[in-house]
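Trainee: Following this line is start_28.tsv, made up of TSV, C-alpha atoms:
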```tsv
chain	number	residue	atom	x	y	z
A	901	MET	CA	-33.50	-65.28	-93.56
A	902	ALA	CA	-31.69	-66.17	-90.34
A	903	SER	CA	-28.70	-63.99	-91.27
A	904	LEU	CA	-31.00	-61.08	-92.19
A	905	TYR	CA	-32.83	-61.45	-88.88
A	906	HIS	CA	-29.55	-61.39	-86.94
A	907	TRP	CA	-28.38	-58.34	-88.92
A	908	LEU	CA	-31.58	-56.42	-88.21
A	909	THR	CA	-31.41	-57.40	-84.54
A	910	CYS	CA	-27.83	-56.14	-84.36
A	911	GLN	CA	-28.72	-52.84	-86.02
A	912	LEU	CA	-31.63	-52.35	-83.63
A	913	ALA	CA	-29.40	-53.01	-80.64
A	914	ILE	CA	-26.82	-50.49	-81.88
A	915	THR	CA	-29.55	-47.88	-82.40
A	916	VAL	CA	-30.91	-48.43	-78.88
A	917	ILE	CA	-27.41	-48.06	-77.39
A	918	ILE	CA	-26.78	-44.80	-79.31
A	919	LEU	CA	-30.13	-43.37	-78.22
A	920	PHE	CA	-29.41	-44.37	-74.63
A	921	LEU	CA	-26.02	-42.58	-74.72
A	922	ILE	CA	-27.60	-39.42	-76.20
A	923	VAL	CA	-30.36	-39.34	-73.58
A	924	THR	CA	-27.89	-40.03	-70.77
A	925	ARG	CA	-25.59	-37.23	-71.96
A	926	ALA	CA	-28.49	-34.78	-72.15
A	927	PHE	CA	-29.61	-35.77	-68.66
A	928	VAL	CA	-26.11	-35.22	-67.24
A	929	ILE	CA	-25.82	-31.77	-68.85
A	930	THR	CA	-29.25	-30.72	-67.60
A	931	THR	CA	-28.60	-32.07	-64.10
A	932	ASN	CA	-25.23	-30.33	-63.87
A	933	TYR	CA	-26.76	-27.03	-64.99
A	934	LYS	CA	-29.64	-27.23	-62.54
A	935	SER	CA	-27.29	-28.28	-59.76
A	936	LYS	CA	-25.02	-25.29	-60.43
A	937	CYS	CA	-27.99	-22.97	-60.54
A	938	GLN	CA	-29.52	-24.34	-57.34
A	939	GLN	CA	-26.22	-23.95	-55.52
A	940	GLU	CA	-26.50	-20.24	-56.32
A	941	LYS	CA	-30.04	-20.14	-54.89
A	942	CYS	CA	-31.17	-18.86	-58.26
A	943	TYR	CA	-33.28	-21.52	-59.88
A	944	VAL	CA	-36.59	-19.66	-59.96
A	945	ALA	CA	-35.72	-17.51	-62.95
A	946	PRO	CA	-32.83	-16.62	-65.25
A	947	ILE	CA	-32.65	-13.17	-63.67
A	948	PHE	CA	-30.99	-14.97	-60.75
A	949	CYS	CA	-28.64	-17.13	-62.77
A	950	GLU	CA	-26.52	-17.57	-65.87
A	951	ALA	CA	-29.16	-18.81	-68.28
A	952	PRO	CA	-28.22	-20.97	-71.30
A	953	THR	CA	-30.08	-18.52	-73.57
A	954	PRO	CA	-30.58	-14.75	-73.25
A	955	SER	CA	-33.31	-13.72	-70.83
A	956	SER	CA	-36.43	-12.11	-72.23
A	957	ILE	CA	-37.20	-10.04	-69.15
A	958	SER	CA	-39.13	-6.84	-69.71
A	959	GLY	CA	-41.32	-4.47	-67.73
A	960	ILE	CA	-40.87	-3.37	-64.13
A	961	THR	CA	-39.58	-5.58	-61.32
A	962	LEU	CA	-39.93	-4.33	-57.76
A	963	LYS	CA	-37.40	-5.49	-55.17
A	964	LEU	CA	-38.24	-5.03	-51.50
A	965	ALA	CA	-36.53	-6.39	-48.36
A	966	VAL	CA	-37.77	-6.41	-44.76
A	967	ASP	CA	-36.64	-7.81	-41.42
A	968	SER	CA	-38.60	-10.42	-39.46
A	969	GLN	CA	-40.96	-7.67	-38.23
A	970	TRP	CA	-41.65	-6.26	-41.71
A	971	GLY	CA	-39.35	-3.30	-41.08
A	972	VAL	CA	-37.22	-1.84	-43.87
A	973	ALA	CA	-34.57	-0.20	-41.68
A	974	ASN	CA	-33.50	0.32	-38.07
A	975	ARG	CA	-34.33	3.82	-36.87
A	976	GLU	CA	-31.65	3.58	-34.18
A	977	ALA	CA	-28.90	3.12	-36.75
A	978	GLU	CA	-27.05	6.31	-37.75
A	979	ILE	CA	-26.24	4.85	-41.16
A	980	SER	CA	-28.54	2.54	-43.10
A	981	GLU	CA	-26.91	-0.88	-43.42
A	982	ARG	CA	-27.65	-3.96	-45.50
A	983	PHE	CA	-29.32	-6.66	-43.47
A	984	THR	CA	-30.15	-9.48	-45.88
A	985	SER	CA	-27.95	-12.56	-46.32
A	986	GLU	CA	-24.90	-12.73	-48.56
A	987	GLU	CA	-26.86	-15.03	-50.88
A	988	SER	CA	-29.66	-12.48	-51.15
A	989	LEU	CA	-27.18	-9.70	-51.89
A	990	ASP	CA	-25.77	-11.78	-54.73
A	991	LEU	CA	-29.32	-12.34	-55.96
A	992	VAL	CA	-29.97	-8.58	-56.05
A	993	HIS	CA	-26.78	-7.97	-58.00
A	994	ARG	CA	-27.76	-10.62	-60.53
A	995	LEU	CA	-31.10	-8.84	-60.87
A	996	ARG	CA	-29.30	-5.53	-61.44
A	997	ARG	CA	-27.11	-7.19	-64.04
A	998	ASP	CA	-30.19	-8.18	-66.03
A	999	SER	CA	-31.82	-4.75	-65.74
A	1000	ASP	CA	-31.41	-1.86	-68.15
A	1001	ALA	CA	-31.98	0.58	-65.31
A	1002	VAL	CA	-32.29	0.69	-61.52
A	1003	LEU	CA	-34.65	3.29	-60.07
A	1004	VAL	CA	-34.76	4.78	-56.56
A	1005	GLY	CA	-36.33	7.80	-54.91
A	1006	LYS	CA	-34.65	10.87	-53.48
A	1007	ARG	CA	-34.84	9.58	-49.89
A	1008	THR	CA	-32.97	6.37	-50.74
A	1009	VAL	CA	-30.15	8.47	-52.21
A	1010	GLU	CA	-30.02	10.63	-49.07
A	1011	ASP	CA	-30.23	7.74	-46.59
A	1012	ASP	CA	-28.08	5.12	-48.30
A	1013	ASP	CA	-25.85	6.95	-50.82
A	1014	PRO	CA	-26.09	3.86	-53.07
A	1015	SER	CA	-24.04	3.25	-56.20
A	1016	LEU	CA	-26.71	0.91	-57.69
A	1017	THR	CA	-24.00	-0.84	-59.70
A	1018	VAL	CA	-23.32	-4.54	-60.28
A	1019	ARG	CA	-20.37	-5.54	-58.11
A	1020	ARG	CA	-20.91	-8.96	-56.56
A	1021	VAL	CA	-21.32	-10.89	-59.82
A	1022	PRO	CA	-19.54	-10.63	-63.20
A	1023	SER	CA	-21.01	-8.08	-65.59
A	1024	ASP	CA	-19.79	-6.41	-68.78
A	1025	VAL	CA	-22.10	-3.42	-68.45
A	1026	GLN	CA	-23.71	-1.39	-65.70
A	1027	PRO	CA	-27.40	-0.43	-65.54
A	1028	ILE	CA	-28.44	3.17	-65.94
A	1029	ARG	CA	-29.26	4.65	-62.52
A	1030	ILE	CA	-32.48	6.64	-62.21
A	1031	THR	CA	-33.60	8.79	-59.32
A	1032	LEU	CA	-36.75	10.83	-58.77
A	1033	ASP	CA	-36.05	14.30	-57.41
A	1034	SER	CA	-39.00	16.59	-58.05
A	1035	ASN	CA	-37.29	19.81	-56.98
A	1036	LEU	CA	-33.72	19.01	-58.06
A	1037	SER	CA	-32.69	19.51	-54.46
A	1038	LEU	CA	-30.14	16.72	-53.98
A	1039	ASN	CA	-26.57	17.80	-53.20
A	1040	THR	CA	-24.84	16.14	-56.13
A	1041	LYS	CA	-21.33	16.68	-54.80
A	1042	LYS	CA	-22.23	14.43	-51.87
A	1043	TYR	CA	-23.50	11.26	-53.56
A	1044	LYS	CA	-21.86	8.50	-55.58
A	1045	LEU	CA	-24.55	8.40	-58.26
A	1046	PHE	CA	-23.49	11.75	-59.69
A	1047	ASN	CA	-19.72	11.49	-59.40
A	1048	ASP	CA	-18.60	8.04	-60.54
A	1049	GLY	CA	-18.73	8.71	-64.29
A	1050	LEU	CA	-21.56	6.24	-64.94
A	1051	SER	CA	-24.89	7.11	-66.55
A	1052	THR	CA	-27.59	8.54	-64.31
A	1053	ILE	CA	-30.97	10.05	-65.14
A	1054	ILE	CA	-32.83	12.43	-62.85
A	1055	TYR	CA	-36.55	12.91	-63.34
A	1056	HIS	CA	-37.82	16.18	-61.89
A	1057	ALA	CA	-40.93	18.35	-62.08
A	1058	ASP	CA	-41.27	19.99	-65.49
A	1059	THR	CA	-41.93	23.27	-63.68
A	1060	ILE	CA	-38.32	23.34	-62.46
A	1061	THR	CA	-35.82	25.20	-64.67
A	1062	GLU	CA	-32.75	23.17	-65.58
A	1063	LYS	CA	-29.30	24.75	-65.40
A	1064	GLY	CA	-26.76	23.27	-67.79
A	1065	VAL	CA	-26.91	19.54	-67.11
A	1066	CYS	CA	-28.99	20.38	-64.02
A	1067	ASP	CA	-25.72	21.11	-62.22
A	1068	TYR	CA	-25.77	17.40	-61.35
A	1069	GLY	CA	-22.27	15.96	-60.98
A	1070	THR	CA	-20.55	14.75	-64.12
A	1071	ASN	CA	-21.73	15.15	-67.69
A	1072	GLN	CA	-22.82	11.48	-67.61
A	1073	THR	CA	-25.89	12.70	-65.73
A	1074	SER	CA	-28.96	13.86	-67.63
A	1075	CYS	CA	-32.25	15.35	-66.50
A	1076	GLU	CA	-35.82	15.32	-67.74
A	1077	GLY	CA	-38.88	17.21	-66.64
A	1078	ILE	CA	-42.03	15.22	-65.88
A	1079	PRO	CA	-45.57	16.54	-65.19
A	1080	LEU	CA	-46.79	16.38	-61.63
A	1081	SER	CA	-49.69	14.14	-60.63
A	1082	ASN	CA	-52.73	15.25	-58.64
A	1083	ASP	CA	-51.02	14.32	-55.36
A	1084	GLY	CA	-48.12	16.67	-56.08
A	1085	GLY	CA	-45.52	14.02	-56.88
A	1086	LEU	CA	-44.07	13.10	-60.23
A	1087	ASP	CA	-46.52	11.36	-62.55
A	1088	LEU	CA	-45.06	7.84	-62.44
A	1089	LYS	CA	-46.93	6.77	-65.57
A	1090	GLU	CA	-45.15	9.53	-67.45
A	1091	VAL	CA	-41.84	8.42	-65.91
A	1092	VAL	CA	-42.44	4.86	-67.10
A	1093	LYS	CA	-43.48	6.11	-70.54
A	1094	SER	CA	-40.22	8.04	-70.81
A	1095	MET	CA	-38.09	5.10	-69.65
A	1096	ILE	CA	-39.67	2.52	-71.96
A	1097	SER	CA	-40.80	4.48	-75.03
A	1098	LYS	CA	-38.37	7.39	-75.18
A	1099	ARG	CA	-35.23	5.87	-73.70
A	1100	GLN	CA	-35.87	2.30	-74.91
A	1101	LEU	CA	-35.22	0.74	-71.49
A	1102	LYS	CA	-36.66	-2.77	-71.60
A	1103	HIS	CA	-36.37	-3.95	-67.99
A	1104	ILE	CA	-36.42	-1.56	-65.03
A	1105	MET	CA	-35.71	-2.58	-61.46
A	1106	VAL	CA	-37.35	-0.43	-58.75
A	1107	GLU	CA	-35.16	-0.64	-55.66
A	1108	GLY	CA	-36.46	2.23	-53.53
A	1109	GLY	CA	-38.21	2.27	-50.18
A	1110	PRO	CA	-41.78	1.35	-49.22
A	1111	ALA	CA	-43.29	4.72	-50.19
A	1112	LEU	CA	-41.96	4.50	-53.75
A	1113	ALA	CA	-42.91	0.81	-53.95
A	1114	THR	CA	-46.47	1.58	-52.83
A	1115	SER	CA	-46.77	4.40	-55.38
A	1116	PHE	CA	-45.77	2.07	-58.21
A	1117	LEU	CA	-48.14	-0.63	-56.96
A	1118	LYS	CA	-51.09	1.72	-56.60
A	1119	GLN	CA	-50.74	2.82	-60.21
A	1120	ASP	CA	-50.54	-0.79	-61.47
A	1121	LEU	CA	-47.04	-0.25	-62.84
A	1122	VAL	CA	-45.39	-3.32	-61.27
A	1123	ASP	CA	-45.11	-6.49	-63.35
A	1124	ARG	CA	-43.36	-8.68	-60.78
A	1125	VAL	CA	-41.98	-8.49	-57.24
A	1126	ILE	CA	-38.91	-10.02	-55.62
A	1127	PHE	CA	-39.70	-9.86	-51.90
A	1128	ILE	CA	-36.96	-10.74	-49.40
A	1129	LYS	CA	-37.68	-11.35	-45.72
A	1130	ALA	CA	-34.68	-11.64	-43.40
A	1131	LEU	CA	-36.01	-14.10	-40.83
A	1132	ASN	CA	-32.93	-13.89	-38.60
A	1133	VAL	CA	-32.89	-10.09	-38.37
A	1134	LYS	CA	-34.93	-8.14	-35.81
A	1135	PHE	CA	-34.47	-4.38	-35.71
A	1136	SER	CA	-34.58	-2.80	-32.25
A	1137	ASP	CA	-36.65	0.08	-33.64
A	1138	PRO	CA	-37.92	-0.94	-37.07
A	1139	TYR	CA	-39.03	1.61	-39.64
A	1140	PRO	CA	-42.33	0.05	-40.76
A	1141	SER	CA	-42.82	-0.96	-44.37
A	1142	ASN	CA	-46.61	-0.91	-44.00
A	1143	PHE	CA	-46.61	-4.12	-46.03
A	1144	THR	CA	-48.26	-7.36	-44.94
A	1145	SER	CA	-48.57	-10.88	-46.33
A	1146	THR	CA	-51.59	-9.78	-48.39
A	1147	THR	CA	-50.25	-6.50	-49.79
A	1148	PHE	CA	-49.13	-7.77	-53.18
A	1149	SER	CA	-52.28	-9.80	-53.79
A	1150	THR	CA	-54.30	-6.67	-52.96
A	1151	TYR	CA	-52.62	-5.01	-55.94
A	1152	GLY	CA	-53.41	-7.89	-58.27
A	1153	LEU	CA	-50.18	-9.90	-58.04
A	1154	SER	CA	-50.03	-13.68	-57.58
A	1155	LEU	CA	-47.50	-15.60	-55.51
A	1156	LEU	CA	-45.65	-18.00	-57.80
A	1157	GLY	CA	-43.44	-19.53	-55.14
A	1158	GLU	CA	-40.69	-18.97	-52.61
A	1159	PHE	CA	-37.25	-20.31	-51.76
A	1160	LYS	CA	-34.61	-19.96	-49.05
A	1161	SER	CA	-31.63	-17.67	-49.57
A	1162	GLY	CA	-29.20	-18.03	-46.69
A	1163	GLY	CA	-31.24	-17.03	-43.63
A	1164	ASP	CA	-33.82	-15.25	-45.79
A	1165	VAL	CA	-36.97	-16.30	-47.58
A	1166	VAL	CA	-37.48	-14.94	-51.09
A	1167	GLN	CA	-40.95	-14.75	-52.62
A	1168	CYS	CA	-41.68	-14.32	-56.32
A	1169	TRP	CA	-44.85	-12.47	-57.30
A	1170	SER	CA	-46.17	-11.73	-60.78
A	1171	ARG	CA	-49.23	-10.39	-62.53
A	1172	PRO	CA	-51.74	-13.05	-63.65
A	1173	ASN	CA	-51.20	-14.31	-67.18
A	1174	LEU	CA	-47.77	-12.67	-67.25
A	1175	PRO	CA	-45.30	-15.54	-67.54
A	1176	TRP	CA	-42.27	-15.53	-65.32
A	1177	PRO	CA	-39.09	-15.18	-67.37
A	1178	ASP	CA	-38.48	-18.88	-66.70
A	1179	GLN	CA	-41.05	-21.66	-66.14
A	1180	ASP	CA	-38.75	-23.75	-63.92
A	1181	LEU	CA	-40.35	-22.56	-60.66
```
Could I get this structure in the form of structure tokens?
Mentor:
Amino acid sequence: MASLYHWLTCQLAITVIILFLIVTRAFVITTNYKSKCQQEKCYVAPIFCEAPTPSSISGITLKLAVDSQWGVANREAEISERFTSEESLDLVHRLRRDSDAVLVGKRTVEDDDPSLTVRRVPSDVQPIRITLDSNLSLNTKKYKLFNDGLSTIIYHADTITEKGVCDYGTNQTSCEGIPLSNDGGLDLKEVVKSMISKRQLKHIMVEGGPALATSFLKQDLVDRVIFIKALNVKFSDPYPSNFTSTTFSTYGLSLLGEFKSGGDVVQCWSRPNLPWPDQDL
């Protein structure tokens, strides 16, 4: 009996040691992953980081950035310039990387001439670029979106006659007519229906200005918001966003949390009962 007791005791000790090594190894892997992610200022959701499993993001994510006075641009500047931190710029490019499409309005194209591509982080594919131009009035020879060979969609009023491929830049650009709403603009619900149902775009990032953001919010089309406030930036003549600290809650969104990104503060908002893509907030 003594020998059996010693044998069982030995086996138990070995089992405890093995379990301890397994748990320790798992803890080290998890800690290293979280540490890497936190160094990138991205730990609130996989859309900001390389996740260990594919992200299940869907719906519409609105991204909006303001200076310390809630301005979206400096009216004294001849050319619109980026004003958020380098860390926040990386964050936005990670968000683009995990989006099927990036949508802006006509004014953003005219003011910023954006490419809306993923450049600051590794990516095997580029999102489809979408712009809203009711009258098909943009000068396509002038802007990157229509001349870089990447896919772009232009939504315009269905009362406008298309010419060829709308005479918009390269043949990688396509157009689609959308009914107008009662206020005279494009019916955003029909735009969303086309993007999700017709074109099978799962996750759309809205990266336009405050007018476009407000239109999406008013029609309850926004699932989540990434709001960036550049605390160290103060425009001499700010173009007002007309947003306040209560704007998103007014439209039924809940603040899940916030974190620092360089000199900026990033807030994460989401609709109630709509889980964030990651629960590690």
Trainee: Given all atoms listed in the file as the basis, pick out the residue of A:Pro1022, A:Gly1005, A:Gly1109, A:Gly1084 nearest to Leu1038 (chain A).
Mentor: A:Gly1005
Trainee: Which of these residues is nearest to Lys1102 (chain A), using all atoms listed in the file: A:Asp1011, A:Asp1024, A:Asp1000, A:Asp1048?
Mentor: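 Closest candidate: A:Asp1000.
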Trainee: For Leu1101 (chain A), which residue among A:Ser999, A:Leu964, A:Thr984, A:Asp990 is the nearest when counting all atoms listed in the file?
Mentor: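 Going through A:Ser999, A:Leu964, A:Thr984, A:Asp990 one by one, the smallest distance to Leu1101 (chain A) is for A:Ser999.
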Trainee: I'd like the interatomic distance between CA of Leu989 (chain A) and CA of Asn974 (chain A), to a tenth of an Å.
Mentor: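 Calculated distance between CA of Leu989 (chain A) and CA of Asn974 (chain A) is 18.2 Å.
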Trainee: When you count only C-alpha atoms, which of these residues is closest to Val972 (chain A): A:Ser958, A:Ser1136, A:Thr1040, A:Thr1017?
Mentor: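 The closest residue to Val972 (chain A) is A:Ser1136.
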Trainee: What is the CA of Val966 (chain A) to CA of Leu1121 (chain A) distance in Å?
Mentor: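 Going from CA of Val966 (chain A) over to CA of Leu1121 (chain A), I get 21.2 Å.
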Trainee: Between A:Asp1123, A:Asp1013, A:Glu1076, A:Asp1087, which one has atoms that come closest to Met1105 (chain A), using all atoms listed in the file?
Mentor: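 For Met1105 (chain A), the nearest of the candidates is A:Asp1123.
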Trainee: May I have the protein, DNA and RNA residues with an atom at most 6 Å from (-38.9, 0.8, -38.3), counting all atoms listed in the file in the file's coordinates, returned as a JSON list (two decimals) with C-alpha atoms, keeping the file's coordinate frame?
Mentor:
```
[["chain", "number", "residue", "atom", "x", "y", "z"],
["A", 971, "GLY", "CA", -39.35, -3.30, -41.08],
["A", 973, "ALA", "CA", -34.57, -0.20, -41.68],
["A", 974, "ASN", "CA", -33.50, 0.32, -38.07],
["A", 975, "ARG", "CA", -34.33, 3.82, -36.87],
["A", 1137, "ASP", "CA", -36.65, 0.08, -33.64],
["A", 1138, "PRO", "CA", -37.92, -0.94, -37.07],
["A", 1139, "TYR", "CA", -39.03, 1.61, -39.64],
["A", 1140, "PRO", "CA", -42.33, 0.05, -40.76]]
```
Trainee: What does the structure give for the distance between CA of Lys1089 (chain A) and CA of Pro1172 (chain A), in Å to one decimal?
Mentor: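 One can read the CA of Lys1089 (chain A) to CA of Pro1172 (chain A) distance as 20.5 Å.
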